[in-house]
$ cat model_3.txt   # compact mmCIF, N, CA and C atoms
# COMPACT_ATOMS: atom_id res chain seq x y z
N MET T 266 -17.19 32.13 10.01
CA MET T 266 -16.35 31.01 9.66
C MET T 266 -15.11 31.03 10.56
N THR T 267 -14.78 29.90 11.12
CA THR T 267 -13.64 29.82 12.02
C THR T 267 -12.35 29.69 11.22
N LEU T 268 -11.25 29.91 11.88
CA LEU T 268 -9.95 29.73 11.26
C LEU T 268 -9.78 28.30 10.76
N GLN T 269 -10.23 27.35 11.56
CA GLN T 269 -10.14 25.95 11.15
C GLN T 269 -10.94 25.71 9.87
N ASP T 270 -12.11 26.32 9.76
CA ASP T 270 -12.92 26.19 8.55
C ASP T 270 -12.19 26.79 7.36
N GLU T 271 -11.58 27.96 7.57
CA GLU T 271 -10.86 28.61 6.48
C GLU T 271 -9.68 27.75 6.02
N ILE T 272 -8.94 27.18 6.96
CA ILE T 272 -7.81 26.31 6.62
C ILE T 272 -8.33 25.08 5.88
N ARG T 273 -9.41 24.50 6.39
CA ARG T 273 -9.99 23.31 5.75
C ARG T 273 -10.39 23.63 4.31
N LEU T 274 -11.01 24.80 4.08
CA LEU T 274 -11.38 25.20 2.73
C LEU T 274 -10.16 25.39 1.84
N LEU T 275 -9.13 26.00 2.41
CA LEU T 275 -7.90 26.17 1.64
C LEU T 275 -7.32 24.83 1.23
N LEU T 276 -7.32 23.90 2.17
CA LEU T 276 -6.74 22.59 1.90
C LEU T 276 -7.58 21.76 0.94
N GLN T 277 -8.86 22.05 0.84
CA GLN T 277 -9.74 21.29 -0.03
C GLN T 277 -10.03 22.00 -1.36
N ALA T 278 -9.36 23.10 -1.60
CA ALA T 278 -9.62 23.89 -2.81
C ALA T 278 -9.36 23.07 -4.06
N PRO T 279 -10.17 23.26 -5.11
CA PRO T 279 -10.03 22.47 -6.33
C PRO T 279 -8.71 22.70 -7.06
N MET T 280 -8.03 23.79 -6.79
CA MET T 280 -6.76 24.08 -7.46
C MET T 280 -5.60 23.24 -6.90
N MET T 281 -5.84 22.50 -5.84
CA MET T 281 -4.76 21.73 -5.23
C MET T 281 -4.29 20.65 -6.19
N ASN T 282 -2.98 20.51 -6.24
CA ASN T 282 -2.36 19.44 -7.01
C ASN T 282 -1.08 19.03 -6.30
N THR T 283 -0.35 18.12 -6.86
CA THR T 283 0.83 17.60 -6.17
C THR T 283 1.92 18.65 -6.00
N HIS T 284 1.85 19.76 -6.72
CA HIS T 284 2.86 20.81 -6.60
C HIS T 284 2.41 21.96 -5.69
N ASP T 285 1.21 21.88 -5.21
CA ASP T 285 0.63 22.92 -4.37
C ASP T 285 1.15 22.78 -2.94
N VAL T 286 1.53 23.90 -2.34
CA VAL T 286 2.07 23.87 -0.97
C VAL T 286 1.04 23.29 0.00
N ARG T 287 -0.24 23.53 -0.28
CA ARG T 287 -1.28 23.00 0.61
C ARG T 287 -1.30 21.48 0.61
N THR T 288 -1.06 20.90 -0.56
CA THR T 288 -1.01 19.44 -0.67
C THR T 288 0.15 18.91 0.16
N HIS T 289 1.29 19.56 0.05
CA HIS T 289 2.47 19.13 0.82
C HIS T 289 2.23 19.28 2.32
N LEU T 290 1.62 20.38 2.71
CA LEU T 290 1.36 20.58 4.14
C LEU T 290 0.37 19.55 4.67
N ARG T 291 -0.66 19.24 3.91
CA ARG T 291 -1.64 18.24 4.33
C ARG T 291 -0.97 16.87 4.46
N THR T 292 -0.15 16.52 3.47
CA THR T 292 0.56 15.23 3.50
C THR T 292 1.52 15.18 4.68
N ASP T 293 2.28 16.26 4.87
CA ASP T 293 3.21 16.33 6.01
C ASP T 293 2.46 16.16 7.32
N HIS T 294 1.34 16.85 7.45
CA HIS T 294 0.57 16.79 8.69
C HIS T 294 0.09 15.36 8.95
N ASP T 295 -0.48 14.74 7.92
CA ASP T 295 -1.00 13.39 8.09
C ASP T 295 0.11 12.39 8.44
N GLU T 296 1.24 12.50 7.77
CA GLU T 296 2.36 11.60 8.05
C GLU T 296 2.93 11.83 9.45
N THR T 297 3.05 13.09 9.82
CA THR T 297 3.57 13.43 11.14
C THR T 297 2.63 12.94 12.23
N LEU T 298 1.35 13.11 12.01
CA LEU T 298 0.36 12.64 12.97
C LEU T 298 0.44 11.12 13.13
N GLN T 299 0.64 10.40 12.06
CA GLN T 299 0.75 8.94 12.14
C GLN T 299 2.00 8.52 12.92
N VAL T 300 3.11 9.20 12.70
CA VAL T 300 4.33 8.87 13.45
C VAL T 300 4.11 9.15 14.94
N ALA T 301 3.43 10.25 15.25
CA ALA T 301 3.14 10.56 16.65
C ALA T 301 2.24 9.49 17.27
N ARG T 302 1.23 9.04 16.51
CA ARG T 302 0.36 7.95 17.01
C ARG T 302 1.18 6.70 17.27
N ASP T 303 2.05 6.36 16.32
CA ASP T 303 2.88 5.16 16.46
C ASP T 303 3.78 5.28 17.69
N MET T 304 4.32 6.49 17.92
CA MET T 304 5.19 6.70 19.07
C MET T 304 4.43 6.49 20.38
N VAL T 305 3.23 7.03 20.45
CA VAL T 305 2.41 6.89 21.67
C VAL T 305 2.05 5.42 21.89
N ASP T 306 1.78 4.70 20.82
CA ASP T 306 1.37 3.30 20.92
C ASP T 306 2.54 2.32 21.05
N ALA T 307 3.75 2.81 20.85
CA ALA T 307 4.92 1.92 20.82
C ALA T 307 5.17 1.27 22.18
N ASP T 308 5.63 0.03 22.12
CA ASP T 308 6.02 -0.70 23.32
C ASP T 308 7.54 -0.61 23.45
N GLY T 309 7.98 -0.08 24.55
CA GLY T 309 9.41 -0.06 24.82
C GLY T 309 10.08 1.24 24.43
N GLY T 310 11.10 1.56 25.21
CA GLY T 310 11.83 2.81 25.03
C GLY T 310 12.56 2.92 23.72
N ASP T 311 13.14 1.84 23.24
CA ASP T 311 13.89 1.91 21.98
C ASP T 311 12.99 2.29 20.81
N SER T 312 11.80 1.71 20.75
CA SER T 312 10.86 2.03 19.68
C SER T 312 10.40 3.48 19.79
N ARG T 313 10.15 3.94 20.99
CA ARG T 313 9.72 5.32 21.19
C ARG T 313 10.82 6.29 20.76
N ARG T 314 12.07 5.99 21.13
CA ARG T 314 13.19 6.86 20.75
C ARG T 314 13.34 6.92 19.23
N MET T 315 13.24 5.77 18.58
CA MET T 315 13.38 5.72 17.12
C MET T 315 12.29 6.54 16.44
N LEU T 316 11.07 6.42 16.92
CA LEU T 316 9.96 7.17 16.34
C LEU T 316 10.09 8.67 16.63
N LEU T 317 10.58 9.01 17.80
CA LEU T 317 10.80 10.42 18.12
C LEU T 317 11.86 11.01 17.20
N ARG T 318 12.89 10.24 16.88
CA ARG T 318 13.93 10.72 15.95
C ARG T 318 13.34 10.98 14.56
N ARG T 319 12.31 10.27 14.17
CA ARG T 319 11.62 10.53 12.90
C ARG T 319 10.66 11.72 13.04
N LEU T 320 9.97 11.77 14.16
CA LEU T 320 8.93 12.78 14.36
C LEU T 320 9.50 14.18 14.49
N ARG T 321 10.52 14.34 15.29
CA ARG T 321 10.99 15.68 15.65
C ARG T 321 11.35 16.53 14.44
N PRO T 322 12.24 16.10 13.56
CA PRO T 322 12.57 16.98 12.43
C PRO T 322 11.38 17.21 11.49
N ALA T 323 10.58 16.19 11.28
CA ALA T 323 9.42 16.33 10.39
C ALA T 323 8.42 17.34 10.95
N LEU T 324 8.17 17.26 12.25
CA LEU T 324 7.21 18.17 12.85
C LEU T 324 7.75 19.59 12.89
N LEU T 325 9.02 19.76 13.19
CA LEU T 325 9.59 21.11 13.23
C LEU T 325 9.53 21.77 11.85
N VAL T 326 9.83 21.02 10.80
CA VAL T 326 9.74 21.56 9.44
C VAL T 326 8.29 21.90 9.11
N HIS T 327 7.37 21.02 9.47
CA HIS T 327 5.96 21.26 9.19
C HIS T 327 5.47 22.53 9.91
N LEU T 328 5.81 22.68 11.18
CA LEU T 328 5.37 23.85 11.93
C LEU T 328 5.91 25.13 11.31
N GLN T 329 7.16 25.10 10.90
CA GLN T 329 7.75 26.28 10.27
C GLN T 329 7.05 26.61 8.95
N ALA T 330 6.74 25.59 8.19
CA ALA T 330 6.05 25.81 6.91
C ALA T 330 4.67 26.42 7.13
N VAL T 331 3.94 25.93 8.11
CA VAL T 331 2.61 26.49 8.39
C VAL T 331 2.74 27.94 8.84
N ARG T 332 3.73 28.20 9.70
CA ARG T 332 3.93 29.58 10.17
C ARG T 332 4.29 30.53 9.02
N SER T 333 5.07 30.05 8.07
CA SER T 333 5.53 30.95 7.01
C SER T 333 4.61 30.99 5.79
N GLU T 334 3.81 29.93 5.56
CA GLU T 334 2.99 29.87 4.35
C GLU T 334 1.49 30.05 4.60
N VAL T 335 0.98 29.47 5.66
CA VAL T 335 -0.47 29.48 5.87
C VAL T 335 -0.92 30.67 6.70
N TYR T 336 -0.33 30.84 7.86
CA TYR T 336 -0.83 31.87 8.76
C TYR T 336 -0.71 33.29 8.21
N PRO T 337 0.38 33.64 7.54
CA PRO T 337 0.44 35.01 7.00
C PRO T 337 -0.70 35.30 6.01
N SER T 338 -1.04 34.34 5.17
CA SER T 338 -2.13 34.60 4.22
C SER T 338 -3.48 34.69 4.93
N LEU T 339 -3.66 33.93 6.00
CA LEU T 339 -4.92 33.98 6.75
C LEU T 339 -5.01 35.23 7.63
N ARG T 340 -3.87 35.80 7.96
CA ARG T 340 -3.83 36.97 8.82
C ARG T 340 -3.96 38.26 8.01
N GLY T 341 -4.21 38.16 6.73
CA GLY T 341 -4.28 39.31 5.84
C GLY T 341 -5.25 40.38 6.29
N ALA T 342 -5.37 41.39 5.46
CA ALA T 342 -6.17 42.56 5.79
C ALA T 342 -7.64 42.23 6.05
N ARG T 343 -8.14 41.15 5.42
CA ARG T 343 -9.56 40.80 5.59
C ARG T 343 -9.82 39.92 6.81
N ALA T 344 -8.79 39.55 7.51
CA ALA T 344 -8.96 38.66 8.66
C ALA T 344 -9.72 39.37 9.78
N THR T 345 -10.64 38.65 10.36
CA THR T 345 -11.39 39.20 11.48
C THR T 345 -10.56 39.15 12.75
N ARG T 346 -11.00 39.85 13.75
CA ARG T 346 -10.32 39.82 15.05
C ARG T 346 -10.32 38.39 15.60
N HIS T 347 -11.45 37.71 15.40
CA HIS T 347 -11.56 36.32 15.87
C HIS T 347 -10.55 35.42 15.15
N ALA T 348 -10.42 35.58 13.84
CA ALA T 348 -9.45 34.78 13.08
C ALA T 348 -8.03 35.05 13.55
N ARG T 349 -7.74 36.31 13.79
CA ARG T 349 -6.39 36.65 14.28
C ARG T 349 -6.14 36.03 15.65
N ALA T 350 -7.15 36.03 16.49
CA ALA T 350 -7.00 35.42 17.82
C ALA T 350 -6.75 33.91 17.70
N LEU T 351 -7.45 33.26 16.76
CA LEU T 351 -7.24 31.83 16.55
C LEU T 351 -5.84 31.54 16.02
N ILE T 352 -5.36 32.40 15.14
CA ILE T 352 -3.99 32.23 14.64
C ILE T 352 -3.00 32.37 15.79
N ASP T 353 -3.21 33.36 16.64
CA ASP T 353 -2.33 33.53 17.81
C ASP T 353 -2.37 32.30 18.70
N GLU T 354 -3.57 31.73 18.87
CA GLU T 354 -3.70 30.51 19.67
C GLU T 354 -2.92 29.36 19.03
N ARG T 355 -3.01 29.23 17.72
CA ARG T 355 -2.28 28.15 17.03
C ARG T 355 -0.77 28.37 17.12
N LEU T 356 -0.34 29.63 17.06
CA LEU T 356 1.09 29.91 17.22
C LEU T 356 1.56 29.53 18.62
N SER T 357 0.70 29.74 19.59
CA SER T 357 1.01 29.31 20.95
C SER T 357 1.09 27.78 21.01
N ASP T 358 0.19 27.11 20.29
CA ASP T 358 0.26 25.65 20.19
C ASP T 358 1.58 25.20 19.59
N HIS T 359 2.05 25.92 18.58
CA HIS T 359 3.34 25.59 17.96
C HIS T 359 4.46 25.64 19.00
N GLN T 360 4.45 26.68 19.81
CA GLN T 360 5.48 26.80 20.85
C GLN T 360 5.38 25.64 21.83
N ALA T 361 4.16 25.27 22.20
CA ALA T 361 3.98 24.15 23.13
C ALA T 361 4.47 22.85 22.50
N LEU T 362 4.16 22.62 21.23
CA LEU T 362 4.62 21.41 20.55
C LEU T 362 6.14 21.36 20.50
N GLU T 363 6.76 22.48 20.19
CA GLU T 363 8.23 22.53 20.15
C GLU T 363 8.83 22.27 21.53
N SER T 364 8.20 22.82 22.55
CA SER T 364 8.67 22.60 23.92
C SER T 364 8.53 21.12 24.32
N MET T 365 7.39 20.52 23.97
CA MET T 365 7.18 19.10 24.27
C MET T 365 8.19 18.23 23.54
N LEU T 366 8.44 18.53 22.28
CA LEU T 366 9.44 17.77 21.52
C LEU T 366 10.81 17.87 22.17
N ALA T 367 11.17 19.06 22.59
CA ALA T 367 12.48 19.26 23.24
C ALA T 367 12.57 18.44 24.52
N TRP T 368 11.51 18.46 25.33
CA TRP T 368 11.52 17.69 26.57
C TRP T 368 11.64 16.20 26.28
N LEU T 369 10.84 15.70 25.35
CA LEU T 369 10.89 14.28 25.01
C LEU T 369 12.27 13.88 24.51
N ALA T 370 12.89 14.74 23.71
CA ALA T 370 14.22 14.44 23.16
C ALA T 370 15.28 14.43 24.26
N ARG T 371 15.15 15.30 25.25
CA ARG T 371 16.13 15.36 26.35
C ARG T 371 15.99 14.20 27.32
N SER T 372 14.78 13.74 27.50
CA SER T 372 14.52 12.72 28.51
C SER T 372 15.10 11.37 28.08
N ARG T 373 15.73 10.70 29.01
CA ARG T 373 16.27 9.37 28.75
C ARG T 373 15.32 8.28 29.26
N LYS T 374 14.24 8.70 29.91
CA LYS T 374 13.31 7.74 30.53
C LYS T 374 12.10 7.51 29.62
N THR T 375 12.35 6.99 28.43
CA THR T 375 11.28 6.82 27.46
C THR T 375 10.28 5.74 27.85
N GLU T 376 10.60 4.95 28.84
CA GLU T 376 9.65 3.93 29.30
C GLU T 376 8.83 4.39 30.49
N SER T 377 9.07 5.62 30.94
CA SER T 377 8.37 6.11 32.13
C SER T 377 6.94 6.53 31.81
N ILE T 378 6.13 6.57 32.83
CA ILE T 378 4.75 7.04 32.71
C ILE T 378 4.73 8.51 32.32
N GLU T 379 5.64 9.29 32.89
CA GLU T 379 5.69 10.72 32.57
C GLU T 379 6.00 10.94 31.09
N TRP T 380 6.95 10.17 30.54
CA TRP T 380 7.29 10.31 29.12
C TRP T 380 6.07 9.96 28.27
N ALA T 381 5.43 8.87 28.59
CA ALA T 381 4.25 8.44 27.83
C ALA T 381 3.13 9.48 27.92
N SER T 382 2.96 10.07 29.08
CA SER T 382 1.93 11.08 29.28
C SER T 382 2.23 12.33 28.45
N ARG T 383 3.48 12.74 28.42
CA ARG T 383 3.84 13.92 27.63
C ARG T 383 3.73 13.63 26.13
N ALA T 384 4.07 12.42 25.73
CA ALA T 384 3.92 12.04 24.32
C ALA T 384 2.44 12.06 23.94
N GLN T 385 1.57 11.60 24.84
CA GLN T 385 0.13 11.64 24.59
C GLN T 385 -0.36 13.08 24.49
N SER T 386 0.15 13.95 25.34
CA SER T 386 -0.23 15.37 25.27
C SER T 386 0.20 15.99 23.95
N LEU T 387 1.38 15.63 23.48
CA LEU T 387 1.85 16.11 22.19
C LEU T 387 0.90 15.65 21.08
N LEU T 388 0.52 14.38 21.12
CA LEU T 388 -0.39 13.84 20.11
C LEU T 388 -1.73 14.55 20.15
N THR T 389 -2.26 14.79 21.32
CA THR T 389 -3.54 15.49 21.47
C THR T 389 -3.47 16.89 20.87
N LEU T 390 -2.40 17.59 21.16
CA LEU T 390 -2.24 18.94 20.63
C LEU T 390 -2.02 18.91 19.12
N LEU T 391 -1.29 17.94 18.65
CA LEU T 391 -1.05 17.83 17.21
C LEU T 391 -2.35 17.50 16.45
N ARG T 392 -3.20 16.70 17.04
CA ARG T 392 -4.50 16.41 16.40
C ARG T 392 -5.32 17.69 16.24
N ARG T 393 -5.25 18.55 17.23
CA ARG T 393 -5.99 19.82 17.19
C ARG T 393 -5.42 20.76 16.14
N HIS T 394 -4.13 20.66 15.95
CA HIS T 394 -3.43 21.52 15.00
C HIS T 394 -3.89 21.16 13.61
$ encode --input "model_3.txt" --output "structure tokens"
Amino acid sequence: MTLQDEIRLLLQAPMMNTHDVRTHLRTDHDETLQVARDMVDADGGDSRRMLLRRLRPALLVHLQAVRSEVYPSLRGARATRHARALIDERLSDHQALESMLAWLARSRKTESIEWASRAQSLLTLLRRH
């Protein structure tokens, strides 16, 4: 079973309810992903900037929550070497997402092809996450 399968099973567990951290993480992920899609699809720099201002804090909080709540439990004593490697890969993805967010936030050229390309890369990586 892959790490993604284990996470999917955790998120689909019958014990989930509105107070369950997994429910909040799933909701956060879905909402963050939608804002990222909207940002990539947005026409014009002002719309992209506004969506980035919504995306950045939400995504940073989500990434921190996953790092502190999900990965430690998956990395437990029963985790296989493969599962640990996948967690390390996802942690690397987190760093890349944070770096991309920082670059997008610093850039003033939100209408440029480079900005759009980096926003698309962020969305692609976030979908995988």
$ atom_distance --input "model_3.txt" --atom1 "CA of Arg332 in chain T" --atom2 "atom C of Glu363 in chain T"
14.4 Å
$ select_by_dssp --input "model_3.txt" --residues "range 276-359 of chain T" --states "alpha helix (DSSP H)" --output "ChimeraX atom specification"
/T:276,286-306,310-330,336-339,346-359
$ atom_distance --input "model_3.txt" --atom1 "CA of Leu325 in chain T" --atom2 "atom C of Ala367 in chain T"
12.0 Å
$ atom_distance --input "model_3.txt" --atom1 "CA of Val300 in chain T" --atom2 "atom N of Gln329 in chain T"
16.7 Å
$ closest_residue --input "model_3.txt" --among "T:Ser338, T:Ser386, T:Asp308, T:Ala301" --to "Leu362 in chain T" --atoms "all atoms listed in the file"
T:Ser386
$ residues_near_point --input "model_3.txt" --point "(11.9, 2.8, 25.4)" --cutoff "7 Å" --atoms "only N, CA and C atoms" --output "VMD selection string"
chain T and resid 308 to 314 374 to 377
$ closest_residue --input "model_3.txt" --among "T:Ile378, T:Leu369, T:His394, T:Leu324" --to "Glu354 in chain T" --atoms "only C-alpha atoms"
T:His394
$ residues_around --input "model_3.txt" --residues "Ala370 in chain T" --least-positions-apart "6" --cutoff "9 Å" --atoms "only C-alpha atoms" --output "NGL selection string"
:T and (314 or 317-318 or 321)
$ write_last_selection --input "model_3.txt" --atoms "N, CA and C atoms" --output "mmCIF file, in the frame of the given file"
data_model
loop_
_atom_site.group_PDB
_atom_site.id
_atom_site.type_symbol
_atom_site.label_atom_id
_atom_site.label_comp_id
_atom_site.auth_asym_id
_atom_site.auth_seq_id
_atom_site.Cartn_x
_atom_site.Cartn_y
_atom_site.Cartn_z
ATOM 1 N N ARG T 314 12.070 5.990 21.130
ATOM 2 C CA ARG T 314 13.190 6.860 20.750
ATOM 3 C C ARG T 314 13.340 6.920 19.230
ATOM 4 N N LEU T 317 10.580 9.010 17.800
ATOM 5 C CA LEU T 317 10.800 10.420 18.120
ATOM 6 C C LEU T 317 11.860 11.010 17.200
ATOM 7 N N ARG T 318 12.890 10.240 16.880
ATOM 8 C CA ARG T 318 13.930 10.720 15.950
ATOM 9 C C ARG T 318 13.340 10.980 14.560
ATOM 10 N N ARG T 321 10.520 14.340 15.290
ATOM 11 C CA ARG T 321 10.990 15.680 15.650
ATOM 12 C C ARG T 321 11.350 16.530 14.440
#
$ axis_aligned_box --input "model_3.txt" --around "range 358-371 of chain T" --padding-each-side "6 Å" --output "JSON"
{"center_x": 8.2, "center_y": 20.5, "center_z": 22.6, "size_x": 27.9, "size_y": 25.2, "size_z": 21.4}
